[in-house]
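Below is one structure, written out as structure tokens, with a few remarks after it.
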Amino acid sequence: MREWWSKICRALDLRSGLENELSEEIEAHLDLMTADNIERGMPPEEARAAARRAFGNRTRTQENAREAWQFPRLETVLGDIRYGLRGIRKSASFSMVVILTLALGIGANTAIFSVVYSVLLRPLPYPNGERLVWLGESTPNAPGISVTWINFEHWRNESDSFLDMAALATTDLTLTGRGDAVLTHAGLVTSRFFQLTGARPALGRLFTDADDTPGAAPTVVVTADFWQRHLGGDASVVGETLRLNGKSYEIIGVLRPGPRFFSRPLDFYLPIGRSRGTSLKRSDHGSMRALGLLKPGATLTEARTNLDAIMQRLALTDPGPEDDHRAYATYLTEERTGEIRPTLLVLMGAVGLVLLIACANVASLLLVRSTARAREIAVRMAIGAGRGRLARQLLTENLVVAAIGGALGLLLASWCLRTLVLIGPVDIPRLSEASLDLPVLTFAASISIVVGLLAGLAPVFTAGRVDLTIALREGSPASGTGRRGQALRSTLVIAEIALTFILAFASGLLIRSLIAAETSNPGFEPQHLLALELQLPESRYKSDANIRQYYGQLSESLRAEPGIEGVGLVMCPPGAGDCGDWWYSILEKPTPARSDVPMTLFNIADGAYFAAARMRVLAGRSFSDADRAEGSPVAVINAELARQSWSDPQLALGQHLKVGGPYAEGPTLEIVGVVANVSQMGLDAEQMPTFYYPFSQKPSSAMVVMIRTNGDPAQWTGAARRHVSAIDRNVPIQSLRSAEDWLGATLKRRRFATLLLGLFGALAMVLVSVGIYGVINYWVSTRQREIAIRLALGAQRSRILRWATFDATRLAALGIVLGAIGAWGASGWLKSLVFGVTEHSPLMLLVAAAAVIAVAALAASIPLWRATHTDAVENLHES
Amino acid sequence: MSTVDDPRKSLEFLQGTLEVLILRSLQTTPNHAYGISQFLERQSEYEFLVDNGSLYPALERLLQRRWITSQWKKTPNGRRAKYYRLTPLGRTRLVAAKSKWMRFVEAMARVLAPVR
């Protein structure tokens with residue numbers, strides 16, 4: 001034991017040191033001997049030569065000594081590796097198939113793992129990122145809504161689960177006084193935000209608590225990127241001012257470039273407490289969230305309980321309309337990846353199945369080869385190789401093959417990864433950071449080893465059972481074809497078919513879902529519709545009248561443009577997602593209990609929007625000039641909202657929608673119309689209840705102008721820009737793209753996931769066809785002679801075919817049945833990815849079965865054709 | 001191979017003997033490899049000729065078993081050399097090995113002695 005330990009130590013780090021020391025020791029030995037010789041009266045030259053002679057063969061001595069500190073097994077392992085490499089060269093085409101199969105499996109897995117690692121597993125790039133917690137409030141039916149300033153202050157001061165806490169929000173401000181007006185994106189944060197995210201100043205300083213209180217002088221910290229782009233990278237900007245929304249802010253610092261915290265790039269930060277600190281009410285929400293740093297050792301559950309206790313205490317001491325609100329706390333990592341997690345896990349699972357298929361394939365191929373090598377193994381056993389020694393050698397050979405496959409797989413993975421990052425949707429957080437780094441390489445190395453061992457086990461098991469006398473007998477073609485080997489091969493093929501079936505089913509479901517989503521009725525006509533997104537600078541458009549006047553003027557001038565058939569205004573166009581939701585109730589209906597108040601999305605539109613977008617009005621009317629600013633407040637609702645309260649949209653007309661529900665403040669609107677549902681959250685999302693405020697009664701400075709054109713909307717982008725700047729060149733254009741782009745963007749993730757799963761399905765098909773081909777081909781070649789005899793005796797080709805296909809059909813049938821059971825069981829995992837079809841789709845089972853059968857039949861047809869076209873005479877002559 | 005022992009030829013070490021002899025040579029004082037070979041040759045009255053190709057691996061094995069340790073030191077005439085020294089473990093091993101070899105030698109002698 002001790003000897004081994006010292007060998008390991010020495011082998012690890014002392015090798016070269018030992019070598020030098022030995023050399024030196026021998027040198028000393030020679031010197032001492034030379035000195036003795038000189039003492040005996042020899043001349044120095046001769047004394048040295050005599051010493052060398054007497055010492056003997058120095059190299060051999062060194063080698064012998066070296067052996068004493070080496071592992072004797074290393075030699076045999078190296079031998080096995082050399083032997084394995086020779087084997088690969090000898091049967092190049094066979095090895096090629098095995099190595100390519102492994103490379104495909106390992107490469108695909110490594111690439112996907114790299115993405116999974118980067119997106120889901122890699123620690124966040126902030127100090128103590130694993131302890132950062134995303135905080136918000138929760139109502140009984142809406143978890144994770146914004147936290148109010150007062151609640152945040154109480155949390156920050158009273159919670160004992162957190163080391164530190166910061167509040168954050170974002171806002172858009174118009175920057176003037178430095179060239180054209182530009183819309184800029186600001187982060188509103190408390191002073192501790194920078195410490196929590198590890199941001200440091202390159203110039204000047206960051207916020208202190210003094211900057212972050214109401215009444216403090218307005219200050220701004222700009223990002224490195226903004227500093228370069230807008231301030232010319234000038235070091236003297238600290239102390240200068242920025243005009244934001246017409247107010248001056250002193251630049252106190254420039255941040256160093258670093259990891260981004262907000263998903264969209266920001267231009268600068270403003271202290272949030274300066275503006276929000278004056279808030280008095282616990283129910284005063286404003287899209288603010290908080291970030292907390294857990295104390296080391298504190299758990300998330302403790303933190304939640306702790307914050308909830310504070311909320312309960314506040315409900316007693318400072319009661320308000322939101323006393324049932326509780327704290328929402330989740331790790332930042334999970335908050336960021338929650339949405340994409342199921343997709344990535346499904347992909348990882350799918351690619352894992354591909355690897356299993358590759359493994360089964362390789363195992364089955366190796367089995368075939370080990371049968372062919374039975375004689376070689378028998379000879380080795382006959383001359384005394386132990387079973388363990390043989391097993392070790394076979395395993396080493398397999399590991400060599402797996403290592404080559406893994407290396408090739410890595411190459412493949414690096415290529416795949418580059419493609420993945422290119423085609424992947426940009427909104428997957430940290431996808432672009434995916435690379436073949438150490439954890440990914442470790443993963444690749446470990447799956448290579450596991451695959452090598454797994455695939456290698458089958459032949460090792462059967463190798464031990466070779467019957468020497470049979471195997472060594474000359475000319476027995478079926479030597480080593482034990483029942484056992486055959487059964488194992490059949491099992492492997494069944495497993496492969498079953499796994500392929502599952503993948504075919506899953507990718508079929510996703511493809512079907514994508515088709516359903518792409519062709520789903522968006523509820524309006526997105527073709528030939530241009531969306532011009534604007535944000536009026538608050539400083540110039542202070543009053544509602546200003547805003548109404550600007551948009552009215554823009555709409556009029558655009559309508560005059562040739563080729564433009566209609567112009568409408570909407571705050572949140574289809575595909576833009578959730579631009580705000582709130583409680584509601586219907587005055588004419590029974591009052592819901594406090595915990596049952598329903599929620600609805602809200603939107604703002606003018607009367608021309610529904611016509612320009614070609615949305616159907618199902619009942620009543622859309623907005624008209626009659627809905628004046630000072631008139632009685634009205635609303636148009638969508639079909640889904642109508643469905644939730646009335647059996648017929650007509651019944652909704654004239655009834656009243658109370659915004660905020662019975663328990664919160666809000667206006668009461670008369671329902672004047674019901675319009676069709678549109679794909680607000682995306683083409684593949686469920687319909688949400690929505691109501692529209694008339695723009696005339698609730699003007700907003702941020703609107704999207706929807707322009708109906710009579711051709712490709714791209715032709716009108718120039719005209720749109722011209723009209724905007726003709727009215728006021730200080731109004732920045734946020735975006736200008738077609739309505740189809742808005743909608744199409746909602747399917748990016750789905751397309752990405754479907755493409756990948758489809759590829760994995762195809763890969764599985766290729767692998768399984770190679771596997772089936774191999775097994776049938778082997779069956780045919782071992783029975784060549786038997787077939788020839790049967791043919792010679794007058795058997796019909798069809799009879800031979802039936803005989804040959806009997807086995808294959810049985811395997812395929814069993815595989816498909818098992819696959820169907822597996823697919824049915826696994827379909828629950830796909831629930832979140834399926835749209836427009838049920839994940840328990842019997843039709844899709846049939847399609848998958850048909851696909852697998854077709855592939856199996858194709859793969860089997862080549863060897864079967866060979867079987868039935870055996871030239872009986874020639875074959876029998878040969879042997 | 002001649003059937004009669006040639007007294008002009010030195011003896012070869014039997015398996016395992018060299019290690020015991022090394023331990024014995026270090027019993028009284030630490031020594032370097034050359035010194036050990038000199039000691040063994042002298043003590044055996046030049047019956048044993050120490051082959052360096054066996055001596056060095058044997059020293060390495062003894063080091064690994066922690067029966068001896070090594071240290072670089074100056075020789076009396078100023079040359080640096082690697083000195084080996086018995087460890088307490090080596091010392092107990094030497095005692096055990098010595099008694100085993102004595103028994104072995106006596107047994108050999110009894111068997112080989114001419115029948116009277």
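Just so we're on the same page: first chain in the structure tokens is A, next is B, and so on; residues restart at 1 for each chain, and ligands are numbered from 1 in the order they show up.
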Show me, as a PDB file with C-alpha atoms, in the first residue's frame, the residues that have an atom within 8 Å of Ser54 of chain B when counting only C-alpha atoms, minus same-chain residues fewer than 3 positions from it.
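Output saved as part.pdb:
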```
ATOM      1  CA  THR A  61      21.462   0.954 -14.363  1.00  0.00           C
ATOM      2  CA  ASN A  64      16.550  -0.553 -13.969  1.00  0.00           C
TER       3      ASN A  64
ATOM      4  CA  VAL B  50      28.184  -5.614  -6.602  1.00  0.00           C
ATOM      5  CA  ASP B  51      26.523  -4.904  -9.950  1.00  0.00           C
ATOM      6  CA  PRO B  57      16.998  -0.436  -8.211  1.00  0.00           C
ATOM      7  CA  ALA B  58      17.417  -2.218  -4.852  1.00  0.00           C
TER       8      ALA B  58
END
```
Give me the residues of chain B that have any atom at most 6 Å from an atom of chain A; for each, the nearest atom pair and the distance in Å, rounded to one decimal. Use only C-alpha atoms, sort by chain and number, and format it as CSV.
```
residue,atom,partner,partner_atom,distance
B:Tyr34,CA,A:His29,CA,5.3
B:Gly53,CA,A:Thr61,CA,4.0
B:Tyr56,CA,A:Ala65,CA,5.6
B:Pro57,CA,A:Ala65,CA,4.0
B:Gln64,CA,A:Glu3,CA,5.3
B:Arg65,CA,A:Glu3,CA,5.6
B:Ala81,CA,A:Ala28,CA,5.6
```
Next on the checklist: At a cut-off of 10 Å, using only C-alpha atoms, what residues contact Gly409 of chain A? Leave out same-chain residues fewer than 6 positions from it and give the result as a PyMOL selection string.
Outcome noted: chain A and resi 99-111+402-403+415+444+448
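Using only C-alpha atoms, the residues found no farther than 12 Å from Lys74 of chain B, other than those of its own chain fewer than 2 positions away, are Ala28 and Leu32 of chain A; Asn31, His32, Gln71, Trp72, Pro76, Asn77, Gly78, Arg79, Arg80, Ala81, Lys82 and Tyr83 of chain B.
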Next on the checklist: List as a list in words the protein and nucleic acid residues near Val220 of chain A, meaning an atom at most 7 Å away when only C-alpha atoms are counted, but skip any in the same chain fewer than 5 places from it.
Outcome noted: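 Residues meeting the cut-off are Tyr249, Glu250, Ile251, Ile252, Phe268, Tyr269 and Leu270 of chain A.
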Take the residues from that selection and write them out as a PDB file, in the first residue's frame, keeping C-alpha atoms.
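And here's again.pdb as it stands now:
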```pdb
ATOM      1  CA  TYR A 249     -28.024  65.553 -14.421  1.00  0.00           C
ATOM      2  CA  GLU A 250     -24.411  65.782 -13.332  1.00  0.00           C
ATOM      3  CA  ILE A 251     -22.190  62.955 -14.606  1.00  0.00           C
ATOM      4  CA  ILE A 252     -20.410  61.676 -11.501  1.00  0.00           C
ATOM      5  CA  PHE A 268     -26.679  55.067 -17.808  1.00  0.00           C
ATOM      6  CA  TYR A 269     -27.914  54.679 -14.261  1.00  0.00           C
ATOM      7  CA  LEU A 270     -29.913  57.080 -12.112  1.00  0.00           C
TER       8      LEU A 270
END
```
Next on the checklist: From a backbone DSSP assignment, name each residue in segment 22-73 of chain B labelled alpha helix (DSSP H), as JSON, numbers by chain.
Outcome noted: {"B": [22, 23, 24, 25, 33, 34, 35, 36, 37, 38, 39, 40, 41, 42, 43, 52, 53, 54, 55, 56, 57, 58, 59, 60, 61, 62, 63, 64]}
Item to check | Distance query segment 84-87 of chain A at most 12 Å, only C-alpha atoms, self and fewer than 3 positions along chain excluded, as a ChimeraX atom specification | outcome: /A:77-81,90-96,369-370,373,392-404
